[in-house]
Number of protein chains: 2
Amino acid sequence: MDGNSSAVRTLIEQLGRLPGIGRKSAERLAFHLMRVSKQEALALAEAIRNVRENVRYCRECFNLAESELCEICRDPARDRQRICVVEQPRDLLALEQAGVYRGLYHVLLGRIAPLEGIGPDQLTIDALVERVRLGEFQEVIMATNPTVEGDGTALYISNQLSDYSVEITRLARGITIGSVLELTNREILADALSGRQKM
Amino acid sequence: MDGNSSAVRTLIEQLGRLPGIGRKSAERLAFHLMRVSKQEALALAEAIRNVRENVRYCRECFNLAESELCEICRDPARDRQRICVVEQPRDLLALEQAGVYRGLYHVLLGRIAPLEGIGPDQLTIDALVERVRLGEFQEVIMATNPTVEGDGTALYISNQLSDYSVEITRLARGITIGSVLELTNREILADALSGRQKM
């Protein structure tokens with residue numbers, strides 16, 4: 001017994017299973033949920049339930065969706081000649097929030113990671129190849145993460161797509177805006193040099 | 001439209017209202033809840049609902065409870081001659097987890113904070129005075145936070161209790177175990193000197 005009701009203990013345990021939420025944070029969040037209006041606390045419970053009852057993957061691009069197709073695939077204003085390949089829905093969200101891209105997406109739901117036993121078959125690569133085969137895309141933009149595994153996944157996919165007459169590009173790499181050259185590491189400088197552009 | 005279903009947007013919004021959870025963390029938590037088993041996600045929703053449906057304040061000490069009396073007030077093994085006054089249920093939890101106290105508690109549900117418009121009437125001080133009046137307590141231990149407001153609250157309460165034959169104490173203050181004197185600030189050293197104990 002630690003002096004709290006078992007309902008509170010259960011809530012602290014459940015909150016503590018969230019990523020980045022330690023024991024102390026879980027306690028703080030639980031007491032917060034006890035203190036706010038009942039309506040506000042139940043709104044969070046309901047939002048979790050609603051997401052898990054009603055959200056699925058888009059049939060076309062594997063973004064999160066509340067119907068067969070996600071909002072982006074259903075949006076007639078999107079550029080349907082471009083498809084941007086990302087690892088996770090949260091990567092798509094980052095691009096959408098930046099507001100710099102108006103084409104379609106394809107969410108891989110992961111990346112090829114042999115050390116974790118994740119091969120191409122566990123991703124949505126076959127569906128992407130099929131989309132490219134059937135569709136009239138001009139360009140596939142690889143926007144996997146700039147990591148060893150993300151790069152490997154992009155390379156694998158570009159090989160899979162090499163038979164189709166579609167341009168395959170990837171996000172530019174180089175120095176970041178606002179950064180300082182003297183504090184920029186070797187890998188970034190190498191990317192920036194090898195990808196240098198005409199002024 | 002930011003490219004996500006409205007259920008996901010709602011969940012991100014609700015998570016973002018939790019203390020210490022910013023926009024990015026809320027997104028990360030939402031995608032986590034999408035990725036884990038449905039059972040695990042719903043367990044969190046249910047824990048929140050259960051706490052808000054079933055948890056109330058203990059009639060006696062205002063700790064969180066699932067029945068009229070909290071687990072501590074119901075526990076026959078607790079020392080019923082001592083009562084420890086804390087600001088919040090989470091303070092009680094910290095003391096219980098330390099396992100160094102076996103008496104009863106009284107939770108004030110706040111502290112006197114004139115700048116926030118919180119006066120003694122909004123706390124459970126009257127109920128505490130009534131408990132002391134009716135009960136057979138030997139000692140009331142003030143365990144409010146060592147802040148200006150916590151100290152002020154403790155002082156106010158000890159004045160309210162001065163008519164009763166009960167010993168009023170407060171938690172010791174001084175240097176903390178494992179700390180380094182040369183890095184200890186003036187206020188802590190002053191507390192440690194003025195409260196010095198016989199060896």
# chains A, B, ... in the order shown; residues from 1 in each chain; ligands from 1
>>> interface_residues(of="chain B", to="chain A", cutoff="9 Å", atoms="only C-alpha atoms", output="VMD selection string")
chain B and resid 1 to 8 10 to 15 18 to 20 25 27 to 34 38 40 to 55 63 to 66 70 to 72 89 to 90 92 to 93 96 to 97 99
>>> residues_around(residues="stretch 100-103 of chain A", least_positions_apart="2", cutoff="8 Å", atoms="only C-alpha atoms", output="list of chain:residue names")
A:Arg78, A:Asp79, A:Arg80, A:Gln81, A:Arg82, A:Ile83, A:Cys84, A:Leu95, A:Glu96, A:Ala98, A:Tyr105
>>> select_by_dssp(residues="stretch 22-68 of chain B", states="strand (DSSP E)", output="list in words")
Arg56, Tyr57, Leu64 and Ala65 of chain B
>>> write_last_selection(atoms="N, CA and C atoms", output="PDB file, in the first residue's frame")
ATOM      1  N   ARG B  56     -12.774  10.034  -4.827  1.00  0.00           N
ATOM      2  CA  ARG B  56     -13.247  11.263  -4.163  1.00  0.00           C
ATOM      3  C   ARG B  56     -12.251  11.592  -3.060  1.00  0.00           C
ATOM      4  N   TYR B  57     -12.550  12.591  -2.264  1.00  0.00           N
ATOM      5  CA  TYR B  57     -11.686  12.915  -1.147  1.00  0.00           C
ATOM      6  C   TYR B  57     -12.164  12.187   0.103  1.00  0.00           C
ATOM      7  N   LEU B  64      -6.982  11.234  -1.420  1.00  0.00           N
ATOM      8  CA  LEU B  64      -7.819  10.605  -2.440  1.00  0.00           C
ATOM      9  C   LEU B  64      -8.276   9.245  -1.933  1.00  0.00           C
ATOM     10  N   ALA B  65      -9.538   8.908  -2.213  1.00  0.00           N
ATOM     11  CA  ALA B  65     -10.107   7.679  -1.662  1.00  0.00           C
ATOM     12  C   ALA B  65     -11.139   7.108  -2.621  1.00  0.00           C
TER      13      ALA B  65
END
>>> atom_distance(atom1="atom CA of B:Leu171", atom2="atom CA of A:Gly22")
27.2 Å
>>> closest_residue(among="B:Phe62, B:Lys198, B:Ala192, B:Ala113", to="B:Gly152", atoms="only C-alpha atoms")
B:Ala113
>>> closest_residue(among="A:Gly135, A:Ile175, A:Pro114, A:Val129", to="A:Asn159", atoms="only C-alpha atoms")
A:Val129
>>> residues_around(residues="B:Pro120", least_positions_apart="2", cutoff="10 Å", atoms="only C-alpha atoms", output="number ranges by chain")
B: 108, 110-114, 117-118, 122-126, 153, 156-157
>>> closest_residue(among="A:Ala154, A:Leu69, A:Leu183, A:Leu161", to="A:Arg133", atoms="only C-alpha atoms")
A:Leu161
>>> residues_around(residues="A:Leu189", least_positions_apart="3", cutoff="12 Å", atoms="only C-alpha atoms", output="ChimeraX atom specification")
/A:173-176,179-186,192-196
>>> write_last_selection(atoms="N, CA and C atoms", output="short mmCIF file (atom, residue, chain, number, x, y, z; two decimals), in the first residue's frame")
data_model
loop_
_atom_site.label_atom_id
_atom_site.label_comp_id
_atom_site.auth_asym_id
_atom_site.auth_seq_id
_atom_site.Cartn_x
_atom_site.Cartn_y
_atom_site.Cartn_z
N ARG A 173 20.36 17.93 -48.58
CA ARG A 173 21.09 17.95 -47.32
C ARG A 173 22.17 19.00 -47.38
N GLY A 174 22.44 19.62 -46.26
CA GLY A 174 23.49 20.62 -46.23
C GLY A 174 23.49 21.32 -44.90
N ILE A 175 24.06 22.51 -44.87
CA ILE A 175 24.06 23.28 -43.63
C ILE A 175 22.64 23.78 -43.38
N THR A 176 22.28 23.89 -42.11
CA THR A 176 20.93 24.34 -41.80
C THR A 176 20.91 25.85 -41.66
N SER A 179 22.60 28.26 -38.84
CA SER A 179 23.69 27.58 -38.13
C SER A 179 25.00 28.33 -38.34
N VAL A 180 26.05 27.88 -37.68
CA VAL A 180 27.36 28.53 -37.71
C VAL A 180 28.35 27.53 -38.29
N LEU A 181 29.07 27.96 -39.34
CA LEU A 181 29.96 27.00 -40.01
C LEU A 181 30.98 26.39 -39.06
N GLU A 182 31.56 27.24 -38.18
CA GLU A 182 32.65 26.72 -37.35
C GLU A 182 32.17 25.65 -36.36
N LEU A 183 30.85 25.60 -36.12
CA LEU A 183 30.32 24.59 -35.20
C LEU A 183 29.61 23.46 -35.94
N THR A 184 29.74 23.43 -37.25
CA THR A 184 29.06 22.42 -38.05
C THR A 184 29.97 21.21 -38.23
N ASN A 185 29.41 20.01 -38.04
CA ASN A 185 30.32 18.86 -38.05
C ASN A 185 30.67 18.39 -39.46
N ARG A 186 31.62 17.48 -39.51
CA ARG A 186 32.23 17.04 -40.75
C ARG A 186 31.21 16.45 -41.73
N ALA A 192 27.02 19.23 -47.53
CA ALA A 192 26.81 20.56 -48.09
C ALA A 192 27.71 20.80 -49.30
N LEU A 193 28.94 20.30 -49.21
CA LEU A 193 29.88 20.47 -50.33
C LEU A 193 29.48 19.61 -51.52
N SER A 194 29.20 18.34 -51.26
CA SER A 194 28.91 17.44 -52.39
C SER A 194 27.58 17.81 -53.05
N GLY A 195 26.70 18.50 -52.33
CA GLY A 195 25.42 18.88 -52.93
C GLY A 195 25.37 20.35 -53.31
N ARG A 196 26.52 20.98 -53.45
CA ARG A 196 26.55 22.44 -53.68
C ARG A 196 25.80 22.82 -54.95
#
